[in-house]
Each structure stands twice: as structure tokens, then as C-alpha cells.
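Colleague: This is input-v8.txt, which holds compact mmCIF, C-alpha atoms:
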```txt
# COMPACT_ATOMS: atom_id res chain seq x y z
CA MET A 36 14.06 32.21 9.66
CA ASN A 37 14.23 31.07 13.29
CA PHE A 38 12.35 27.83 13.86
CA PRO A 39 11.45 26.40 17.28
CA LYS A 40 14.09 24.01 18.61
CA LEU A 41 12.64 20.60 19.34
CA SER A 42 14.29 18.32 21.88
CA ASP A 43 15.55 14.93 20.74
CA SER A 44 13.08 13.18 23.03
CA PHE A 45 10.15 15.21 21.66
CA ARG A 46 11.21 14.54 18.07
CA LEU A 47 11.58 10.80 18.67
CA GLU A 48 8.17 10.68 20.35
CA ARG A 49 6.53 12.47 17.42
CA LEU A 50 8.26 10.17 14.94
CA THR A 51 6.76 7.08 16.59
CA LEU A 52 3.29 6.38 15.26
CA PRO A 53 0.74 5.87 18.05
CA GLU A 54 -1.98 3.23 17.99
CA GLY A 55 -5.49 4.05 16.84
CA GLN A 56 -6.88 6.68 14.52
CA LEU A 57 -4.62 9.52 13.38
CA ARG A 58 -5.59 13.05 12.40
CA VAL A 59 -4.43 13.41 8.78
CA VAL A 60 -4.44 15.98 5.99
CA ILE A 61 -3.34 15.04 2.46
CA ASP A 62 -1.37 17.41 0.21
CA THR A 63 -1.44 16.14 -3.38
CA ASP A 64 -0.85 17.17 -7.01
CA THR A 65 -3.67 14.81 -7.92
CA PHE A 66 -3.99 15.55 -11.65
CA ASN A 67 -0.27 15.33 -12.35
CA GLU A 68 0.03 11.56 -12.29
CA VAL A 69 -2.05 8.42 -11.90
CA ASP A 70 -0.64 7.31 -8.55
CA ASP A 71 -2.00 10.16 -6.40
CA GLN A 72 -5.51 8.81 -6.94
CA PHE A 73 -4.43 5.44 -5.57
CA ALA A 74 -2.91 7.00 -2.45
CA VAL A 75 -5.85 9.31 -1.73
CA ALA A 76 -8.36 6.46 -2.21
CA HIS A 77 -6.25 4.18 0.00
CA ALA A 78 -6.25 6.77 2.77
CA LEU A 79 -9.96 7.55 2.54
CA LEU A 80 -10.81 3.84 2.60
CA SER A 81 -8.82 3.37 5.84
CA PRO A 82 -10.87 5.28 8.44
CA GLU A 83 -9.89 2.82 11.16
CA ARG A 84 -6.40 4.34 10.96
CA MET A 85 -6.72 7.69 9.20
CA ALA A 86 -9.26 10.39 10.01
CA VAL A 87 -8.74 12.49 6.88
CA GLU A 88 -9.68 16.05 7.84
CA ALA A 89 -8.76 17.86 4.60
CA LEU A 90 -7.48 17.35 1.08
CA TYR A 91 -5.05 20.00 -0.18
CA ALA A 92 -4.36 20.69 -3.87
CA ALA A 93 -0.65 21.17 -4.56
CA PRO A 94 0.88 23.04 -7.52
CA TYR A 95 2.76 21.29 -10.30
CA PHE A 96 4.11 22.29 -13.71
CA ASN A 97 4.86 19.88 -16.54
CA GLN A 98 3.29 18.69 -19.79
CA ARG A 99 -0.03 18.18 -17.98
CA SER A 100 -0.34 21.83 -16.94
CA SER A 101 0.39 25.29 -18.31
CA SER A 102 1.70 26.70 -15.00
CA PRO A 103 1.94 25.79 -11.30
CA LYS A 104 -1.38 27.57 -10.80
CA ASP A 105 -3.03 25.57 -13.58
CA GLY A 106 -1.62 22.36 -12.10
CA MET A 107 -3.03 23.20 -8.68
CA GLU A 108 -6.43 24.08 -10.11
CA LYS A 109 -6.56 20.83 -12.10
CA SER A 110 -5.62 18.90 -8.98
CA TYR A 111 -8.33 20.73 -7.03
CA GLN A 112 -10.94 19.62 -9.56
CA GLU A 113 -9.53 16.09 -9.67
CA LEU A 114 -9.98 15.78 -5.91
CA HIS A 115 -13.68 16.59 -6.33
CA THR A 116 -13.93 13.98 -9.10
CA LEU A 117 -12.18 11.39 -6.97
CA LEU A 118 -14.48 11.96 -4.02
CA GLY A 119 -17.47 11.62 -6.33
CA ARG A 120 -16.20 8.22 -7.48
CA LEU A 121 -15.90 7.16 -3.86
CA GLY A 122 -19.40 8.42 -3.09
CA LYS A 123 -18.08 10.91 -0.54
CA PRO A 124 -19.14 14.57 -0.21
CA SER A 125 -16.40 17.07 -0.99
CA GLU A 126 -17.91 20.15 0.67
CA GLY A 127 -15.58 21.50 3.34
CA LEU A 128 -12.96 18.84 2.60
CA VAL A 129 -11.05 20.14 -0.46
CA TYR A 130 -8.85 23.25 -0.31
CA ALA A 131 -7.03 25.24 -3.01
CA GLY A 132 -3.27 25.52 -2.57
CA SER A 133 -0.40 27.68 -3.76
CA THR A 134 -0.52 29.14 -7.26
CA ASP A 135 3.27 29.35 -7.55
CA TYR A 136 6.45 28.02 -5.95
CA LEU A 137 8.41 29.86 -3.26
CA SER A 138 10.62 32.67 -4.54
CA SER A 139 12.88 32.52 -1.47
CA SER A 140 13.35 30.66 1.80
CA GLU A 141 11.62 33.44 3.74
CA LEU A 142 8.50 34.42 1.77
CA PRO A 143 5.50 32.06 1.94
CA GLN A 144 2.95 31.53 -0.79
CA GLU A 145 -0.36 32.63 0.70
CA SER A 146 -3.17 30.18 0.03
CA GLU A 147 -6.31 28.66 1.46
CA VAL A 148 -4.31 25.52 2.20
CA ALA A 149 -1.48 27.24 4.07
CA ARG A 150 -3.91 29.14 6.29
CA ASP A 151 -6.03 26.06 6.93
CA LEU A 152 -2.99 23.99 7.87
CA VAL A 153 -1.85 26.61 10.38
CA LYS A 154 -5.32 26.86 11.90
CA ARG A 155 -5.86 23.12 12.00
CA ALA A 156 -2.42 22.38 13.46
CA MET A 157 -2.67 25.04 16.17
CA SER A 158 -6.22 24.01 17.17
CA SER A 159 -5.06 20.99 19.16
CA LYS A 160 -2.00 19.67 20.97
CA GLU A 161 -2.73 16.30 19.40
CA PRO A 162 -0.34 15.93 16.43
CA LEU A 163 -1.65 16.53 12.94
CA TYR A 164 -0.10 14.21 10.35
CA VAL A 165 0.57 15.67 6.91
CA MET A 166 0.66 13.14 4.08
CA ALA A 167 2.49 15.03 1.33
CA ILE A 168 2.76 13.45 -2.13
CA GLY A 169 3.62 16.43 -4.32
CA ALA A 170 5.75 19.56 -4.30
CA ILE A 171 6.04 20.61 -0.66
CA THR A 172 5.18 24.30 -1.30
CA ASN A 173 1.94 24.37 0.69
CA ILE A 174 3.49 22.85 3.79
CA ALA A 175 6.62 25.00 3.70
CA SER A 176 4.44 28.10 3.30
CA ALA A 177 2.42 27.16 6.37
CA ILE A 178 5.65 26.74 8.36
CA LEU A 179 6.85 30.17 7.23
CA LEU A 180 3.50 31.72 8.16
CA GLU A 181 3.60 30.15 11.62
CA PRO A 182 6.87 28.42 12.52
CA GLN A 183 5.30 27.18 15.77
CA ILE A 184 3.38 24.52 13.84
CA ILE A 185 6.49 22.33 13.67
CA GLU A 186 5.63 21.48 17.28
CA ARG A 187 2.15 20.31 16.21
CA ILE A 188 2.64 18.45 12.90
CA VAL A 189 4.43 15.40 11.54
CA VAL A 190 5.20 15.44 7.81
CA VAL A 191 5.33 12.21 5.81
CA TRP A 192 6.71 13.24 2.42
CA LEU A 193 7.31 11.27 -0.75
CA GLY A 194 10.19 13.30 -2.12
CA GLY A 195 13.68 12.98 -3.56
CA HIS A 196 15.58 9.77 -4.24
CA ALA A 197 17.32 7.36 -1.89
CA LEU A 198 20.18 8.85 0.10
CA HIS A 199 22.67 6.64 -1.73
CA TRP A 200 21.39 7.71 -5.16
CA PRO A 201 23.83 9.75 -7.28
CA HIS A 202 21.34 12.63 -7.50
CA THR A 203 17.96 13.62 -6.12
CA ARG A 204 16.41 15.34 -9.16
CA GLU A 205 12.97 13.95 -8.38
CA PHE A 206 9.84 15.78 -9.52
CA ASN A 207 8.27 16.51 -6.12
CA LEU A 208 11.55 17.76 -4.65
CA LYS A 209 13.06 19.65 -7.58
CA GLN A 210 9.98 21.75 -8.43
CA ASP A 211 10.44 23.98 -5.38
CA ILE A 212 13.96 23.84 -3.98
CA HIS A 213 13.23 26.56 -1.39
CA ALA A 214 10.26 24.63 -0.01
CA SER A 215 12.19 21.36 -0.04
CA ARG A 216 15.03 22.92 1.94
CA ILE A 217 12.61 24.38 4.49
CA ILE A 218 11.15 20.93 5.18
CA LEU A 219 14.63 19.43 5.53
CA ASP A 220 16.16 22.33 7.49
CA SER A 221 13.35 23.52 9.78
CA GLY A 222 13.49 20.58 12.17
CA VAL A 223 9.84 19.64 11.60
CA PRO A 224 9.32 15.96 12.51
CA LEU A 225 9.74 14.31 9.13
CA VAL A 226 9.37 10.89 7.57
CA LEU A 227 11.07 10.98 4.17
CA ILE A 228 10.05 8.33 1.64
CA PRO A 229 12.50 8.40 -1.29
CA CYS A 230 11.31 7.56 -4.79
CA LEU A 231 14.03 5.81 -6.82
CA GLY A 232 15.57 3.14 -4.67
CA VAL A 233 12.60 2.79 -2.28
CA ALA A 234 9.04 3.62 -3.41
CA SER A 235 9.95 2.66 -6.99
CA HIS A 236 9.43 -0.97 -5.91
CA LEU A 237 5.67 -0.31 -5.94
CA ILE A 238 5.06 -1.55 -9.49
CA LEU A 239 1.64 -2.59 -10.80
CA SER A 240 0.76 -4.34 -14.05
CA ILE A 241 -2.42 -3.63 -16.00
CA SER A 242 -3.45 -7.29 -15.86
CA GLU A 243 -3.11 -7.35 -12.07
CA LEU A 244 -5.14 -4.19 -11.74
CA GLU A 245 -7.87 -5.47 -14.05
CA THR A 246 -8.05 -8.76 -12.13
CA PHE A 247 -8.37 -7.27 -8.66
CA ALA A 248 -9.83 -3.76 -9.11
CA LYS A 249 -11.98 -3.62 -12.24
CA THR A 250 -15.00 -5.13 -10.51
CA CYS A 251 -14.64 -2.83 -7.47
CA GLY A 252 -17.27 -0.29 -8.41
CA ALA A 253 -16.77 3.21 -9.81
CA MET A 254 -13.51 3.76 -7.94
CA GLY A 255 -11.94 0.53 -9.11
CA GLU A 256 -12.98 1.18 -12.69
CA TYR A 257 -11.59 4.70 -12.48
CA LEU A 258 -8.19 3.46 -11.31
CA VAL A 259 -8.08 0.84 -14.05
CA ASN A 260 -8.89 3.48 -16.68
CA THR A 261 -6.20 5.87 -15.42
CA ILE A 262 -3.56 3.16 -15.73
CA ALA A 263 -4.86 2.06 -19.14
CA SER A 264 -4.61 5.66 -20.37
CA ALA A 265 -1.02 5.91 -19.12
CA ARG A 266 -0.16 2.65 -20.86
CA HIS A 267 -1.29 3.97 -24.24
CA GLU A 268 1.24 6.79 -23.92
CA HIS A 269 4.05 4.23 -24.20
CA ALA A 270 5.07 2.47 -27.40
CA GLN A 271 6.30 -0.63 -25.54
CA HIS A 272 3.30 -2.54 -24.17
CA ARG A 273 4.97 -5.95 -23.64
CA ALA A 274 6.02 -6.45 -20.01
CA TRP A 275 4.71 -2.95 -19.21
CA SER A 276 4.09 -1.91 -15.63
CA ARG A 277 3.38 1.33 -13.78
CA ILE A 278 5.08 2.80 -10.73
CA ILE A 279 2.46 3.66 -8.08
CA TRP A 280 4.88 5.09 -5.55
CA ASP A 281 2.55 7.63 -3.89
CA ILE A 282 0.74 4.79 -2.15
CA SER A 283 3.83 4.29 0.01
CA ALA A 284 2.76 7.32 2.05
CA SER A 285 -0.74 6.05 2.82
CA ALA A 286 0.73 2.60 3.52
CA TYR A 287 3.11 4.07 6.12
CA PHE A 288 0.19 5.43 8.13
CA ILE A 289 -1.85 2.23 7.91
CA ASP A 290 1.01 -0.07 8.94
CA ASP A 291 4.48 1.40 9.25
CA ALA A 292 5.95 -2.12 9.10
CA TRP A 293 5.08 -2.05 5.38
CA VAL A 294 7.46 0.91 4.93
CA PRO A 295 10.49 0.20 7.14
CA THR A 296 12.45 3.28 8.20
CA GLU A 297 15.65 4.16 10.02
CA PHE A 298 16.74 7.30 11.81
CA LYS A 299 19.16 9.48 9.87
CA PRO A 300 20.31 13.10 10.20
CA SER A 301 18.26 15.25 7.86
CA PRO A 302 20.24 15.48 4.60
CA LEU A 303 21.41 18.74 3.07
CA LEU A 304 20.08 19.56 -0.41
CA SER A 305 22.59 21.16 -2.80
CA SER A 306 21.72 23.50 -5.67
CA GLU A 307 22.75 20.67 -8.01
CA PHE A 308 20.11 18.42 -6.42
CA THR A 309 22.48 16.07 -4.66
CA TRP A 310 22.49 14.94 -1.03
CA SER A 311 25.22 15.73 1.46
CA PHE A 312 25.35 14.86 5.14
CA ASP A 313 26.08 16.45 8.50
CA GLY A 314 25.70 14.29 11.58
CA SER A 315 24.73 17.25 13.76
CA ARG A 316 21.45 17.86 11.93
CA PRO A 317 18.05 16.83 13.39
CA LEU A 318 17.11 13.18 13.10
CA ILE A 319 14.37 12.20 10.67
CA ARG A 320 12.96 8.85 9.64
CA VAL A 321 14.04 7.71 6.16
CA ALA A 322 12.30 4.79 4.46
CA ASN A 323 14.66 2.14 3.13
CA MET A 324 12.21 -0.28 1.45
CA VAL A 325 8.52 -1.12 0.94
CA TRP A 326 6.62 -4.39 1.25
CA ARG A 327 4.91 -4.19 -2.13
CA ASP A 328 2.58 -7.22 -1.92
CA ALA A 329 1.13 -6.33 1.48
CA ILE A 330 0.43 -2.75 0.38
CA PHE A 331 -1.39 -3.62 -2.85
CA SER A 332 -3.26 -6.47 -1.18
CA ASP A 333 -4.61 -4.02 1.41
CA LEU A 334 -5.69 -1.58 -1.29
CA PHE A 335 -7.49 -4.21 -3.39
CA GLN A 336 -9.26 -5.63 -0.35
CA LYS A 337 -10.51 -2.19 0.71
CA LEU A 338 -11.69 -1.34 -2.80
CA ALA A 339 -13.68 -4.59 -2.88
CA VAL A 340 -15.25 -4.00 0.53
CA HIS A 341 -16.15 -0.43 -0.40
CA ALA A 342 -17.80 -1.55 -3.66
CA GLN A 343 -19.93 -4.07 -1.77
CA LYS A 344 -21.22 -1.35 0.56
CA LEU A 345 -22.44 0.90 -2.27
```
Mind turning this structure into C-alpha cells?

Modeller:
Amino acid sequence: MNFPKLSDSFRLERLTLPEGQLRVVIDTDTFNEVDDQFAVAHALLSPERMAVEALYAAPYFNQRSSSPKDGMEKSYQELHTLLGRLGKPSEGLVYAGSTDYLSSSELPQESEVARDLVKRAMSSKEPLYVMAIGAITNIASAILLEPQIIERIVVVWLGGHALHWPHTREFNLKQDIHASRIILDSGVPLVLIPCLGVASHLILSISELETFAKTCGAMGEYLVNTIASARHEHAQHRAWSRIIWDISASAYFIDDAWVPTEFKPSPLLSSEFTWSFDGSRPLIRVANMVWRDAIFSDLFQKLAVHAQKL
């Protein structure tokens, strides 16, 4: 596949967040885990920074689904549920994504999401920011359908582990290796937020959540209940906490100082799910840490303000 060649100056400009409100779409496997709900709510409660134009359901396959299609469909329904808790209409906002992973690096998975992303990206020269917090199948499919969109989008993806980690067998990345390689190889302006070693610092205790979110209306109660349900799945309750790493992506948009990054050549992904490096590859931004307290403080404050308005 031949992708458009972006100049270094263009890439650096696109990888610098402008001031003001950003056009954003969110690609999420919302039913897979409990942290997607936090990230989606955080984004939707930050309209001063993020104009969320669409919510895309991503496929996933694990013990919480019977197939990638089932995972996508459950995530699609969960997005409607989440919007209901926030008191926001879902009509025209939620889109169904891929029903399977890519079978090769050249054949896209046709879906409502992939077509919408192409149409939305090509409708304006103003960049469209893609907040991706699941398998990257939908976004890679859109790039295969219309490679020109890499000139119109910026992808912020929670995927893989830190570049110094001994492996990168992380759920979002390893589900669809073809899609992951397309995102890394195509030259699309990319902000990569690794999980272990970076976003894994975003840990939340049940007592902290109950103190600051339980009284924050239907959305706060919903988030508390999702964490409480996850806690009961673990035999060890003492000193228990939950990783809420998806919220790193929404935090980056709201204040990129909360998720410090550095420019690195896009890493190569091996078939054994390890990183290797070639200095000639396109530069991307790679997150190297997160300011945990500032991020959760912002979320709790916005949940409280939202509850007061209802």
C-alpha cells in the first residue's frame, strides 16, 4: 500500500496541539473493560476542549465476548447506555465498527465507522483528532479505504507497552497486528500512549472513587458500580486498586502537559510482539509518563459540575 508522504514540517505541525476546541472522534471497545467509560465520560464532559463528533464501537474478543463482532456490538450498546447516564442523546452520534480484525495489511474491514471516518476526515482541511482506546482495526480500515486521510487526521492511540518494555503484548495492540502495523507504518500523525510503563500509573482505589464520584449523579454512580463489580472478580481485596489507563487519551487532549511526550521514530512491530527501531522512520510522539493526580482531579471536578446541572 502506498501512503501519502508527509513532510517533516507538516507532521510536526499536526503533532502540536492547537489552542481551543478540537474536532474529535472516539474509537472504543467500551464493554471490554471499565476504563473506557471513564475516558469517554471525561471527553464528553470537556466540551471547552473537545467537540466530540462521533463515538465508534471497536471490536474485541476475550472472556467478555464470543467473537470480535459480539465485542463490537456489546460496545455499541454500552455507548448508548453511557450516553443515557450522561443525559445526552445518542442519535447520530454512535456508529457500529468492524465485525472482525484485518486479515492482511491490504484489505480493510468495511464498516459504518470506517466509512464515516473517511467522510468526516475528508470534509474539512481542519484536522480531525482520533482518540483510539481499543484495537485499531476501524482506523486502519479507514486508512486503507482512503489513504489520503492521513493528511487530515491525527491519531492518539493507547496501545502497546513502553518502548523500553521487554515485549509489547498489550491487548489493544496484539488483537490486530495488521492494523497495528498500518498505524505505525503508514506515516499518519500519531501520538502513542503506551500502557505498561506509562498509562499504568493511572491507578484508582475504590475508596477514592466512592469519596469523589459516588455523589456525582447517575454517571458517578455508574462508574463506582463498574469498579465495584471489577473488584469482586478478585480474591485479594486488601490494598486493591484498578488501572484506569484509557483516561490518559482524553487527558492528553484536555491538557497535553498531563501526558508528557517526546518525539521518537515510529517503532517497528515484530511478529513476536516486540519493538525494534530504525531512525529513518517517521517521527511520532510517544508518551513517557502521566500526571495521575491532575488527571483524576479534573475528572472528579467535571463529574460534580455535571451532576449539579442535571

Colleague: For Met85 (chain A), which residue among A:Ser332, A:Ser285, A:Ser133, A:Ser242 is the nearest when counting only C-alpha atoms?

Modeller: A:Ser285

Colleague: Have a look at A:Leu142, A:Leu163, A:Ile228, A:Met36 and name the one nearest to Ala86 (chain A); count only C-alpha atoms.

Modeller: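 Result for the nearest residue to Ala86 (chain A): A:Leu163.
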
Colleague: So how many Å separate CA of Tyr111 (chain A) and CA of Tyr130 (chain A), to one decimal?

Modeller: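 Between CA of Tyr111 (chain A) and CA of Tyr130 (chain A) the gap works out to 7.2 Å.
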
Colleague: Mind checking which residues fall within 9 Å of Glu145 (chain A), counting all atoms listed in the file, ignoring those fewer than 2 positions away in the same chain, and posting them as a list in words?

Modeller: Gly132, Ser133, Thr134, Pro143, Glu147, Val148, Ala149, Arg150, Asn173, Ser176, Ala177 and Leu180 of chain A

Colleague: Which residues, written as a PyMOL selection string, have at least one atom at most 12 Å from Pro53 (chain A), with only C-alpha atoms counted and residues fewer than 5 positions away on the same chain left out?

Modeller: chain A and resi 47-48+58+84-85+161-162+164+288-291

Colleague: With all atoms listed in the file as the atoms that count, which of A:Ser240, A:Asn323, A:Ser81, A:Thr63 lies nearest to Ile171 (chain A)?

Modeller: A:Thr63

Colleague: Name all residues at most 8 Å from region 67-77 of chain A (count only C-alpha atoms; drop same-chain ones fewer than 6 positions away) and give them as a list in words.

Modeller: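 Contacts, with the query itself left out: Ile61, Tyr95, Arg99, Ser100, Gly106, Ser110, Leu117, Leu121, Ile168, Leu258, Thr261, Ile262, Ala265, Ile278, Ile279, Trp280, Asp281, Ile282, Ser283, Ala284, Ser285, Ala286, Leu334 and Lys337 of chain A.
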
Colleague: What is the CA of Ser139 (chain A)-CA of Leu304 (chain A) distance in Å, reported with one decimal?

Modeller: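 Computing the Euclidean distance for CA of Ser139 (chain A) and CA of Leu304 (chain A) yields 14.9 Å.
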
Colleague: I'd like the contact shell of Val165 (chain A) - 9 Å cut-off, only C-alpha atoms, skipping same-chain residues fewer than 5 positions apart - returned as a list of chain:residue names.

Modeller: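 In the requested form, the answer reads A:Arg58, A:Val59, A:Val60, A:Ile61, A:Asp62, A:Ile174, A:Ile188, A:Val189, A:Val190, A:Val191, A:Trp192.
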
Colleague: Report, in Å to a single decimal, how far apart CA of Ala214 (chain A) and CA of Ala175 (chain A) are.

Modeller: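 These atoms are spaced 5.2 Å apart.
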
Colleague: Need the shell around Ala248 (chain A): protein/DNA/RNA residues with any atom at most 10 Å away, counting all atoms listed in the file. Skip same-chain ones fewer than 5 positions apart. Format as a list in words?

Modeller: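 Skipping anything fewer than 5 positions along the chain leaves Ser242, Glu243, Ala253, Met254, Gly255, Glu256, Tyr257, Leu258, Val259, Leu334, Phe335, Gln336, Lys337, Leu338, Ala339 and Ala342 of chain A.
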
Colleague: Give as a list of chain:residue names each residue that has an atom at most 6 Å from (19.2, 19.4, 5.9) in the file, counting only C-alpha atoms.

Modeller: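 Answer for this query, in the requested form: A:Leu219, A:Asp220, A:Ser301, A:Pro302, A:Leu303.
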
Colleague: Given the choices A:Glu83, A:Glu297, A:Asp64, A:Glu141, which gets closest to Ile217 (chain A) if the distance is worked out from all atoms listed in the file?

Modeller: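 Among the listed residues, the smallest separation from Ile217 (chain A) belongs to A:Glu141.
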
Colleague: When you count only C-alpha atoms, which of these residues is closest to Ile319 (chain A): A:Leu50, A:Val87, A:Leu198, A:Ile212?

Modeller: A:Leu50

Colleague: For a quick check of understanding, using all atoms listed in the file, which of A:Ala78, A:Lys299, A:Arg187, A:Leu237 has the smallest distance to Asp313 (chain A)?

Modeller: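 Looking at the shortest contact to Asp313 (chain A), the residue is A:Lys299.
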
Colleague: As a short mmCIF file (atom, residue, chain, number, x, y, z; two decimals), in the frame of the given file, could you write out region 213-243 of chain A once it has been completed with N, CA and C atoms?

Modeller:
```cif
data_model
loop_
_atom_site.label_atom_id
_atom_site.label_comp_id
_atom_site.auth_asym_id
_atom_site.auth_seq_id
_atom_site.Cartn_x
_atom_site.Cartn_y
_atom_site.Cartn_z
N HIS A 213 13.33 25.80 -2.65
CA HIS A 213 13.23 26.56 -1.39
C HIS A 213 12.33 25.82 -0.41
N ALA A 214 11.18 25.35 -0.88
CA ALA A 214 10.26 24.63 -0.01
C ALA A 214 10.89 23.32 0.48
N SER A 215 11.57 22.62 -0.42
CA SER A 215 12.19 21.36 -0.04
C SER A 215 13.24 21.57 1.05
N ARG A 216 14.02 22.63 0.91
CA ARG A 216 15.03 22.92 1.94
C ARG A 216 14.40 23.30 3.27
N ILE A 217 13.29 24.01 3.25
CA ILE A 217 12.61 24.38 4.49
C ILE A 217 12.17 23.13 5.24
N ILE A 218 11.61 22.17 4.53
CA ILE A 218 11.15 20.93 5.18
C ILE A 218 12.34 20.17 5.77
N LEU A 219 13.46 20.16 5.06
CA LEU A 219 14.63 19.43 5.53
C LEU A 219 15.39 20.18 6.62
N ASP A 220 15.34 21.51 6.61
CA ASP A 220 16.16 22.33 7.49
C ASP A 220 15.43 22.83 8.74
N SER A 221 14.11 22.87 8.71
CA SER A 221 13.35 23.52 9.78
C SER A 221 13.33 22.72 11.07
N GLY A 222 13.58 21.43 10.99
CA GLY A 222 13.49 20.58 12.17
C GLY A 222 12.11 20.01 12.40
N VAL A 223 11.17 20.23 11.47
CA VAL A 223 9.84 19.64 11.60
C VAL A 223 9.98 18.11 11.63
N PRO A 224 9.28 17.42 12.52
CA PRO A 224 9.32 15.96 12.51
C PRO A 224 8.95 15.43 11.13
N LEU A 225 9.85 14.66 10.54
CA LEU A 225 9.74 14.31 9.13
C LEU A 225 10.01 12.82 8.91
N VAL A 226 9.13 12.21 8.12
CA VAL A 226 9.37 10.89 7.57
C VAL A 226 9.56 11.08 6.07
N LEU A 227 10.75 10.79 5.58
CA LEU A 227 11.07 10.98 4.17
C LEU A 227 11.01 9.63 3.46
N ILE A 228 10.16 9.55 2.44
CA ILE A 228 10.05 8.33 1.64
C ILE A 228 10.65 8.62 0.28
N PRO A 229 11.87 8.15 0.01
CA PRO A 229 12.50 8.40 -1.29
C PRO A 229 11.78 7.66 -2.41
N CYS A 230 11.95 8.18 -3.62
CA CYS A 230 11.31 7.56 -4.79
C CYS A 230 12.21 6.48 -5.37
N LEU A 231 13.14 6.83 -6.27
CA LEU A 231 14.03 5.81 -6.82
C LEU A 231 14.85 5.18 -5.71
N GLY A 232 14.84 3.87 -5.68
CA GLY A 232 15.57 3.14 -4.67
C GLY A 232 14.72 2.68 -3.51
N VAL A 233 13.49 3.21 -3.38
CA VAL A 233 12.60 2.79 -2.28
C VAL A 233 11.17 2.61 -2.82
N ALA A 234 10.44 3.72 -2.97
CA ALA A 234 9.04 3.62 -3.41
C ALA A 234 8.92 3.09 -4.83
N SER A 235 9.98 3.15 -5.61
CA SER A 235 9.95 2.66 -6.99
C SER A 235 9.71 1.15 -7.06
N HIS A 236 9.76 0.46 -5.93
CA HIS A 236 9.43 -0.97 -5.91
C HIS A 236 7.93 -1.21 -6.04
N LEU A 237 7.12 -0.17 -5.88
CA LEU A 237 5.67 -0.31 -5.94
C LEU A 237 5.21 -0.28 -7.39
N ILE A 238 5.36 -1.40 -8.06
CA ILE A 238 5.06 -1.55 -9.49
C ILE A 238 3.79 -2.37 -9.65
N LEU A 239 2.92 -1.93 -10.57
CA LEU A 239 1.64 -2.59 -10.80
C LEU A 239 1.45 -2.82 -12.28
N SER A 240 1.03 -4.03 -12.65
CA SER A 240 0.76 -4.34 -14.05
C SER A 240 -0.73 -4.11 -14.35
N ILE A 241 -1.04 -3.85 -15.60
CA ILE A 241 -2.42 -3.63 -16.00
C ILE A 241 -3.25 -4.88 -15.79
N SER A 242 -2.68 -6.06 -16.05
CA SER A 242 -3.45 -7.29 -15.86
C SER A 242 -3.79 -7.52 -14.39
N GLU A 243 -2.86 -7.21 -13.49
CA GLU A 243 -3.11 -7.35 -12.07
C GLU A 243 -4.20 -6.39 -11.61
#
```
